[in-house]
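File shown here: start-v3.txt, holding compact mmCIF, C-alpha atoms.
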```
# COMPACT_ATOMS: atom_id res chain seq x y z
CA MET A 23 0.00 0.00 0.00
CA LYS A 24 2.83 2.37 0.85
CA HIS A 25 4.59 1.40 -2.32
CA THR A 26 1.45 2.21 -4.34
CA GLN A 27 1.01 5.62 -2.69
CA SER A 28 4.57 6.53 -3.35
CA ARG A 29 4.15 5.68 -7.00
CA VAL A 30 0.97 7.79 -7.16
CA ARG A 31 2.48 10.77 -5.38
CA ARG A 32 5.52 10.94 -7.58
CA PRO A 33 3.70 11.97 -10.79
CA ALA A 34 1.53 14.45 -8.86
CA SER A 35 4.56 16.32 -7.54
CA SER A 36 6.58 16.15 -10.76
CA GLY A 37 3.82 17.35 -13.12
CA PRO A 38 3.53 20.97 -11.96
CA GLU A 39 7.27 21.15 -11.58
CA LYS A 40 7.76 20.03 -15.18
CA ARG A 41 5.14 22.49 -16.43
CA SER A 42 6.76 25.36 -14.54
CA ARG A 43 10.13 24.44 -15.96
CA SER A 44 8.76 24.25 -19.50
CA SER A 45 6.90 27.54 -19.14
CA GLY A 46 10.05 29.17 -17.72
CA ALA A 47 12.03 27.87 -20.67
CA VAL A 48 9.46 29.29 -23.10
CA ALA A 49 9.52 32.64 -21.28
CA ALA A 50 13.30 32.65 -21.43
CA ARG A 51 13.18 31.91 -25.12
CA THR A 52 10.57 34.55 -25.96
CA GLY A 53 11.21 37.18 -23.27
CA ILE A 54 14.17 38.88 -24.93
CA GLY A 55 12.46 39.02 -28.31
CA ASP A 56 9.26 40.37 -26.80
CA ARG A 57 11.09 43.02 -24.82
CA TRP A 58 13.10 44.04 -27.90
CA GLN A 59 9.93 44.31 -30.00
CA ALA A 60 8.19 46.30 -27.28
CA TRP A 61 11.20 48.62 -27.06
CA ILE A 62 11.15 49.21 -30.83
CA ASP A 63 7.38 49.75 -30.84
CA HIS A 64 7.67 52.29 -28.04
CA HIS A 65 10.43 54.16 -29.87
CA ARG A 66 8.32 54.23 -33.03
CA HIS A 67 5.28 55.47 -31.11
CA VAL A 68 7.26 58.11 -29.23
CA ALA A 69 8.92 59.35 -32.46
CA ARG A 70 5.52 59.80 -34.15
CA GLU A 71 4.09 61.52 -31.09
CA SER A 72 7.08 63.88 -30.80
CA LEU A 73 6.83 64.82 -34.47
CA HIS A 74 3.09 65.41 -34.03
CA ARG A 75 3.73 67.65 -31.01
CA PHE A 76 6.37 69.55 -32.99
CA LEU A 77 4.01 70.18 -35.88
CA ALA A 78 1.04 70.92 -33.60
CA THR A 79 2.62 74.23 -32.58
CA PRO A 80 4.11 75.44 -35.88
CA MET A 81 4.85 79.02 -34.81
CA ALA A 82 6.74 78.20 -31.61
CA SER A 83 8.52 75.25 -33.21
CA ALA A 84 9.51 77.29 -36.27
CA MET A 85 10.92 80.10 -34.13
CA THR A 86 13.06 77.70 -32.09
CA ALA A 87 14.23 75.91 -35.23
CA LEU A 88 15.04 79.26 -36.87
CA VAL A 89 17.21 80.32 -33.93
CA ILE A 90 19.10 77.03 -34.26
CA ALA A 91 19.36 77.53 -38.03
CA ILE A 92 20.87 81.01 -37.71
CA ALA A 93 23.39 79.78 -35.14
CA LEU A 94 24.44 76.95 -37.47
CA ALA A 95 24.39 78.97 -40.68
CA LEU A 96 26.98 81.51 -39.52
CA PRO A 97 29.97 79.14 -39.14
CA ALA A 98 28.79 77.10 -42.11
CA ALA A 99 28.72 80.25 -44.26
CA LEU A 100 32.25 81.14 -43.15
CA GLN A 101 33.46 77.64 -43.98
CA LEU A 102 31.73 77.76 -47.36
CA GLY A 103 33.33 81.14 -48.06
CA LEU A 104 36.77 79.71 -47.28
CA ALA A 105 36.11 76.77 -49.58
CA ASN A 106 35.14 79.13 -52.40
CA PHE A 107 38.20 81.28 -51.74
CA GLN A 108 40.49 78.26 -51.97
CA ARG A 109 38.73 77.21 -55.16
CA ALA A 110 39.19 80.69 -56.61
CA VAL A 111 42.95 80.58 -56.12
CA ALA A 112 43.21 76.97 -57.21
CA GLY A 113 44.45 78.10 -60.62
CA TRP A 114 47.55 79.42 -58.92
CA ASP A 115 49.55 76.54 -57.55
CA GLY A 116 50.73 78.51 -54.52
CA GLN A 117 54.41 77.65 -55.00
CA PRO A 118 57.10 80.24 -54.25
CA GLN A 119 58.61 81.83 -57.33
CA ILE A 120 61.88 83.68 -57.89
CA SER A 121 61.85 86.51 -60.43
CA VAL A 122 65.27 87.39 -61.85
CA PHE A 123 65.12 90.75 -63.66
CA LEU A 124 67.95 90.95 -66.21
CA HIS A 125 69.99 93.93 -67.30
CA LYS A 126 68.50 95.68 -70.33
CA ASP A 127 71.78 95.55 -72.24
CA ALA A 128 72.17 91.79 -71.79
CA ARG A 129 72.57 89.94 -75.10
CA ALA A 130 70.11 87.19 -76.03
CA ALA A 131 72.79 84.52 -76.44
CA VAL A 132 74.24 85.20 -72.99
CA VAL A 133 70.79 85.16 -71.44
CA GLU A 134 70.00 81.84 -73.12
CA SER A 135 73.25 80.36 -71.84
CA PHE A 136 72.42 81.60 -68.33
CA ALA A 137 68.93 80.07 -68.51
CA THR A 138 70.36 76.74 -69.70
CA LYS A 139 72.78 76.72 -66.78
CA LEU A 140 69.95 77.40 -64.35
CA ARG A 141 67.88 74.58 -65.82
CA GLY A 142 70.71 72.20 -64.96
CA ASP A 143 70.80 73.32 -61.34
CA PRO A 144 69.31 70.56 -59.11
CA ALA A 145 67.86 73.19 -56.76
CA ILE A 146 65.65 74.64 -59.54
CA ALA A 147 62.62 72.75 -60.84
CA GLU A 148 61.59 75.04 -63.71
CA VAL A 149 62.94 78.08 -65.57
CA THR A 150 60.75 80.30 -67.77
CA TYR A 151 62.19 83.12 -69.89
CA ILE A 152 60.03 86.15 -70.64
CA SER A 153 61.52 88.68 -73.02
CA SER A 154 60.99 92.40 -72.62
CA GLU A 155 58.62 92.43 -75.62
CA GLU A 156 56.51 89.61 -74.12
CA ALA A 157 56.46 91.38 -70.77
CA LEU A 158 55.24 94.59 -72.42
CA ALA A 159 52.50 92.75 -74.34
CA GLU A 160 51.37 90.97 -71.18
CA PHE A 161 51.30 94.26 -69.28
CA GLU A 162 49.23 95.92 -72.03
CA GLN A 163 46.71 93.08 -71.96
CA ALA A 164 46.44 93.01 -68.17
CA SER A 165 46.33 96.75 -67.55
CA GLY A 166 44.41 97.98 -70.58
CA LEU A 167 46.86 100.89 -71.01
CA GLY A 168 47.93 99.99 -74.52
CA ASP A 169 47.18 103.48 -75.94
CA LEU A 170 49.43 105.13 -73.36
CA LEU A 171 52.29 102.68 -73.92
CA VAL A 172 52.29 103.28 -77.68
CA GLY A 173 53.72 106.78 -77.17
CA LEU A 174 56.78 105.53 -75.28
CA ASP A 175 60.12 105.83 -77.04
CA ALA A 176 61.50 102.58 -75.56
CA ASN A 177 60.28 99.53 -73.76
CA PRO A 178 60.71 100.22 -70.03
CA LEU A 179 60.26 96.59 -68.99
CA PRO A 180 63.29 94.30 -68.68
CA ALA A 181 63.49 90.64 -69.57
CA VAL A 182 62.90 88.28 -66.68
CA LEU A 183 63.62 84.70 -65.72
CA LEU A 184 60.94 83.01 -63.61
CA LEU A 185 62.43 80.27 -61.43
CA ARG A 186 60.51 77.70 -59.45
CA PRO A 187 62.61 76.17 -56.63
CA ARG A 188 62.51 72.43 -56.12
CA ASP A 189 62.70 72.39 -52.31
CA THR A 190 60.01 74.92 -51.42
CA GLY A 191 59.77 73.79 -47.80
CA ASN A 192 63.29 74.95 -46.90
CA SER A 193 63.34 78.74 -46.72
CA GLU A 194 67.08 78.85 -45.91
CA LYS A 195 67.96 77.07 -49.15
CA MET A 196 65.75 79.42 -51.13
CA GLN A 197 67.32 82.46 -49.53
CA ALA A 198 70.79 81.10 -50.36
CA LEU A 199 69.67 80.54 -53.97
CA VAL A 200 68.43 84.13 -54.15
CA GLU A 201 71.76 85.47 -52.88
CA ASN A 202 73.66 83.46 -55.51
CA LEU A 203 71.41 84.81 -58.24
CA ARG A 204 71.91 88.38 -57.06
CA ASP A 205 75.67 87.96 -57.35
CA HIS A 206 75.41 87.03 -61.02
CA ALA A 207 76.48 89.66 -63.53
CA LEU A 208 73.26 89.43 -65.58
CA SER A 209 70.95 89.94 -62.60
CA ASP A 210 69.67 93.44 -62.06
CA SER A 211 67.18 92.53 -59.32
CA VAL A 212 65.97 89.28 -57.73
CA VAL A 213 62.61 89.01 -56.00
CA LEU A 214 61.44 85.99 -53.99
CA ASP A 215 57.65 85.73 -53.98
CA LEU A 216 57.61 83.79 -50.72
CA ALA A 217 56.02 86.42 -48.52
CA TRP A 218 52.76 86.37 -50.51
CA VAL A 219 52.54 82.58 -50.23
CA GLN A 220 53.10 82.77 -46.49
CA ARG A 221 50.49 85.50 -46.09
CA LEU A 222 47.96 83.52 -48.07
CA THR A 223 48.60 80.37 -46.01
CA GLN A 224 48.34 82.31 -42.76
CA LEU A 225 45.15 84.02 -43.89
CA THR A 226 43.55 80.68 -44.77
CA GLU A 227 44.62 79.16 -41.47
CA LEU A 228 43.23 82.17 -39.59
CA GLY A 229 39.89 81.78 -41.36
CA GLN A 230 39.74 78.09 -40.54
CA ARG A 231 40.46 78.71 -36.87
CA LEU A 232 37.88 81.48 -36.70
CA SER A 233 35.36 79.17 -38.31
CA ALA A 234 36.12 76.38 -35.86
CA GLY A 235 35.94 78.71 -32.84
CA LEU A 236 32.69 80.26 -34.01
CA ALA A 237 31.25 76.80 -34.67
CA LEU A 238 32.08 75.67 -31.12
CA LEU A 239 30.55 78.77 -29.54
CA LEU A 240 27.37 78.60 -31.59
CA ALA A 241 27.08 74.84 -31.06
CA LEU A 242 27.04 75.59 -27.33
CA GLY A 243 24.35 78.18 -28.03
CA VAL A 244 22.26 75.59 -29.89
CA ILE A 245 22.56 73.19 -26.94
CA LEU A 246 21.44 75.91 -24.52
CA VAL A 247 18.45 76.78 -26.72
CA VAL A 248 17.36 73.13 -26.83
CA VAL A 249 17.93 72.73 -23.06
CA ASN A 250 15.67 75.69 -22.32
CA THR A 251 13.00 74.52 -24.77
CA ILE A 252 12.92 70.96 -23.40
CA ARG A 253 12.82 72.31 -19.83
CA LEU A 254 9.63 74.19 -20.72
CA HIS A 255 8.19 71.02 -22.23
CA ILE A 256 8.97 69.09 -19.05
CA GLU A 257 7.32 71.71 -16.85
CA SER A 258 4.21 71.73 -19.03
CA ARG A 259 3.90 67.92 -18.73
CA ARG A 260 4.74 67.64 -15.04
CA GLU A 261 1.42 66.01 -14.09
CA GLU A 262 1.74 63.47 -16.89
CA ILE A 263 5.28 62.61 -15.76
CA LEU A 264 4.10 62.12 -12.17
CA VAL A 265 1.37 59.70 -13.28
CA VAL A 266 3.83 57.70 -15.40
CA LYS A 267 6.27 57.44 -12.50
CA LEU A 268 3.47 56.42 -10.13
CA VAL A 269 2.69 53.38 -12.27
CA GLY A 270 6.34 52.36 -12.39
CA GLY A 271 7.78 54.28 -15.36
CA THR A 272 11.55 54.68 -15.20
CA ASN A 273 13.46 57.86 -15.92
CA ALA A 274 14.66 56.38 -19.23
CA PHE A 275 11.05 55.67 -20.21
CA VAL A 276 9.94 59.20 -19.29
CA ARG A 277 13.01 60.79 -20.92
CA ARG A 278 12.47 59.18 -24.32
CA PRO A 279 9.78 61.55 -25.72
CA PHE A 280 11.86 64.60 -24.85
CA LEU A 281 14.91 63.14 -26.58
CA TYR A 282 12.90 62.76 -29.78
CA SER A 283 11.62 66.33 -29.39
CA GLY A 284 15.20 67.60 -29.20
CA LEU A 285 16.03 65.51 -32.25
CA CYS A 286 13.17 67.15 -34.16
CA TYR A 287 14.26 70.66 -33.20
CA GLY A 288 17.84 69.96 -34.24
CA ALA A 289 16.99 68.26 -37.54
CA PHE A 290 14.58 70.98 -38.65
CA GLY A 291 17.06 73.66 -37.54
CA GLY A 292 19.79 72.02 -39.67
CA LEU A 293 17.44 71.88 -42.65
CA LEU A 294 16.63 75.58 -42.29
CA ALA A 295 20.35 76.38 -41.97
CA TRP A 296 21.04 74.61 -45.27
CA CYS A 297 18.18 76.54 -46.90
CA LEU A 298 19.63 79.82 -45.61
CA LEU A 299 23.04 78.95 -47.07
CA LEU A 300 21.49 77.99 -50.40
CA GLY A 301 19.51 81.25 -50.51
CA ALA A 302 22.63 83.30 -49.77
CA VAL A 303 24.56 81.55 -52.55
CA LEU A 304 21.74 82.11 -55.04
CA LEU A 305 21.60 85.78 -54.02
CA LEU A 306 25.35 86.34 -54.47
CA SER A 307 26.11 84.07 -57.41
CA GLY A 308 24.92 86.59 -60.02
CA PRO A 309 27.03 89.58 -58.88
CA ILE A 310 30.09 87.37 -58.32
CA SER A 311 29.78 85.84 -61.79
CA SER A 312 29.52 89.32 -63.31
CA LEU A 313 32.55 90.50 -61.35
CA SER A 314 34.65 87.49 -62.36
CA SER A 315 33.65 87.82 -66.01
CA SER A 316 34.83 91.45 -66.00
CA TYR A 317 38.30 90.11 -65.16
CA GLY A 318 38.08 87.50 -67.90
CA SER A 319 37.43 84.61 -65.51
CA SER A 320 34.69 81.99 -65.61
CA TYR A 321 34.61 81.56 -61.84
CA THR A 322 31.22 80.76 -60.31
CA LEU A 323 30.27 80.56 -56.66
CA ALA A 324 29.87 77.00 -55.38
CA GLY A 325 26.83 76.34 -53.20
CA PRO A 326 26.30 73.95 -50.28
CA GLY A 327 26.21 70.45 -51.69
CA ILE A 328 25.11 67.13 -50.27
CA SER A 329 27.96 67.14 -47.75
CA TYR A 330 26.67 70.38 -46.21
CA PHE A 331 23.12 69.03 -46.30
CA THR A 332 23.93 65.83 -44.42
CA GLY A 333 26.47 67.53 -42.15
CA LEU A 334 24.14 70.32 -41.05
CA ILE A 335 21.12 68.09 -40.47
CA GLY A 336 23.10 65.31 -38.79
CA GLY A 337 25.17 67.66 -36.64
CA ALA A 338 22.16 69.73 -35.63
CA ALA A 339 20.19 66.60 -34.77
CA LEU A 340 23.01 65.39 -32.53
CA LEU A 341 23.22 68.80 -30.83
CA GLY A 342 19.46 68.76 -30.27
CA LEU A 343 19.65 65.24 -28.89
CA LEU A 344 22.47 66.23 -26.53
CA GLY A 345 20.62 69.30 -25.31
CA ALA A 346 17.44 67.31 -24.72
CA TRP A 347 19.34 64.62 -22.82
CA LEU A 348 20.99 67.22 -20.57
CA ALA A 349 17.69 68.95 -19.84
CA ALA A 350 15.74 65.73 -19.25
CA SER A 351 18.44 64.13 -17.09
CA ARG A 352 18.58 67.18 -14.86
CA HIS A 353 14.92 68.10 -14.50
CA LEU A 354 13.27 64.69 -14.48
CA ARG A 355 15.14 63.68 -11.34
CA ALA A 356 13.46 66.56 -9.53
CA ILE A 357 9.97 65.30 -10.44
CA GLU A 358 9.14 62.42 -8.11
CA PRO A 359 5.73 61.35 -6.72
CA SER A 360 5.44 62.13 -3.02
```
Serialized structure, structure tokens:
Amino acid sequence: MKHTQSRVRRPASSGPEKRSRSSGAVAARTGIGDRWQAWIDHHRHVARESLHRFLATPMASAMTALVIAIALALPAALQLGLANFQRAVAGWDGQPQISVFLHKDARAAVVESFATKLRGDPAIAEVTYISSEEALAEFEQASGLGDLLVGLDANPLPAVLLLRPRDTGNSEKMQALVENLRDHALSDSVVLDLAWVQRLTQLTELGQRLSAGLALLLALGVILVVVNTIRLHIESRREEILVVKLVGGTNAFVRRPFLYSGLCYGAFGGLLAWCLLLGAVLLLSGPISSLSSSYGSSYTLAGPGISYFTGLIGGAALLGLLGAWLAASRHLRAIEPS
């Protein structure tokens, strides 16, 4: 009898235990997937709701986005201007050049021999000879003073040798080369065009640093604008936040809608900044094209391309997200149900 009871009791105690183990195994298999899907669904729902809230108040949202756009457009316009400036001087290779002005009474054969000797110098990459007649014709074409030059008794311009040094990074070697050229009997004057190259490089570097500094300052301004805007949103939804926390909502759960709101402000601000840049380029492209054509150039102003479009929207969205996270992390901790 005892043996029979023990056999009967054993299935009764092992059945629920087996079912609990099997249900726990199913929950373990499906729990992660369900939580992941719920997390994605909540993000999708919160993103739609944040966009709806952004568009529900078009005037206030547009003003905040416009402030962000102006703050982003200023450094972007400076950077675009630097890019156009570098493109404008791209026709000039920016290499230092030595101009050797020859004596007016120098014979052509001696000058040619001197040029050939310079071409064989390993320190010189290129030698270009410009006769006095070619220099005068070039000056007439560039200055437009041909009628005045016709009345001159003699050509006042000397012949010149244009030398391009090979080692342009060593200023001491170039200065030594200039001194050797000045000691030559045919040289009347030697000019090293290195100062202009250095000034141009320094000017470009100064513009880049100003652009970077202005971008950092205005990026901080964008973050502060988003922080203040999200703080107002949090205060206006204080009661809703308290109810969500009363039913067990975590700070991350409550923070999520405000993060998407900051993302919306930043993305729309970046889009407006790109539109402002494009409008400025369209406004200035006509006068700049007319000015360049008056100098015989076909230069046209380059506008903000796809790199500026993605950079402005992506960078502004990240700044908006950062500002929203700072505001929500600070102010949501202060809202707790009593």
Counting all atoms listed in the file, note down every residue that has an atom within 10 Å of the point (70.8, 85.4, -60.1) (file coordinates), as a PyMOL selection string.
chain A and resi 120-124+136+140+183+185+199-213
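Rounded to one decimal, atom CA of A:Pro279 and atom CA of A:Ala69 lie 7.1 Å from each other.
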Go through A:Val248, A:Leu304, A:Leu222, A:Arg277 one by one, measure the shortest atom-to-atom distance of each to A:Gln108 using only C-alpha atoms, and give the residue with the smallest value.
A:Leu222
Per-residue nearest contacts stretch 57-108 of chain A to stretch 253-259 of chain A, cut-off 12 Å, using all atoms listed in the file, as CSV:
```
residue,atom,partner,partner_atom,distance
A:Ser72,CA,A:His255,CA,11.2
A:Arg75,CA,A:His255,CA,10.4
A:Phe76,CA,A:His255,CA,11.0
A:Ala82,CA,A:His255,CA,11.9
A:Ser83,CA,A:His255,CA,11.8
```
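Nearest to A:Leu344 of all the residues A:Gly288, A:Pro97, A:Pro359, A:Pro144 is A:Gly288, counting only C-alpha atoms.
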Neighbour list for A:Gly229 as number ranges by chain, cut-off 10 Å, all atoms listed in the file, skip fewer than 6 positions in-chain
A: 100-101, 103-104, 223, 235
Suppose you want the space between atom CA of A:Ile152 and atom CA of A:Val182; what is it in Å?
5.3 Å
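Compared by their closest atoms to A:Tyr321, and using all atoms listed in the file, the residues A:Asn106, A:Val247, A:Ala99, A:Phe275 rank with A:Asn106 nearest.
With only C-alpha atoms taken into account, the protein and nucleic acid residues at most 10 Å from A:Ala145 (excluding it and anything under 2 positions from it in its own chain) are A:Leu140, A:Arg141, A:Gly142, A:Asp143, A:Ala147, A:Glu148, A:Arg186, A:Pro187, A:Arg188, A:Asp189, A:Thr190, A:Lys195, A:Met196, A:Leu199.
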Distance of atom CA of A:Cys286 from atom CA of A:Gly337, expressed in Å to one decimal place
12.3 Å
Which is closer to A:Val303 than all the others in A:Ile146, A:Ala131, A:Ala324, A:Val244, using only C-alpha atoms?
A:Ala324
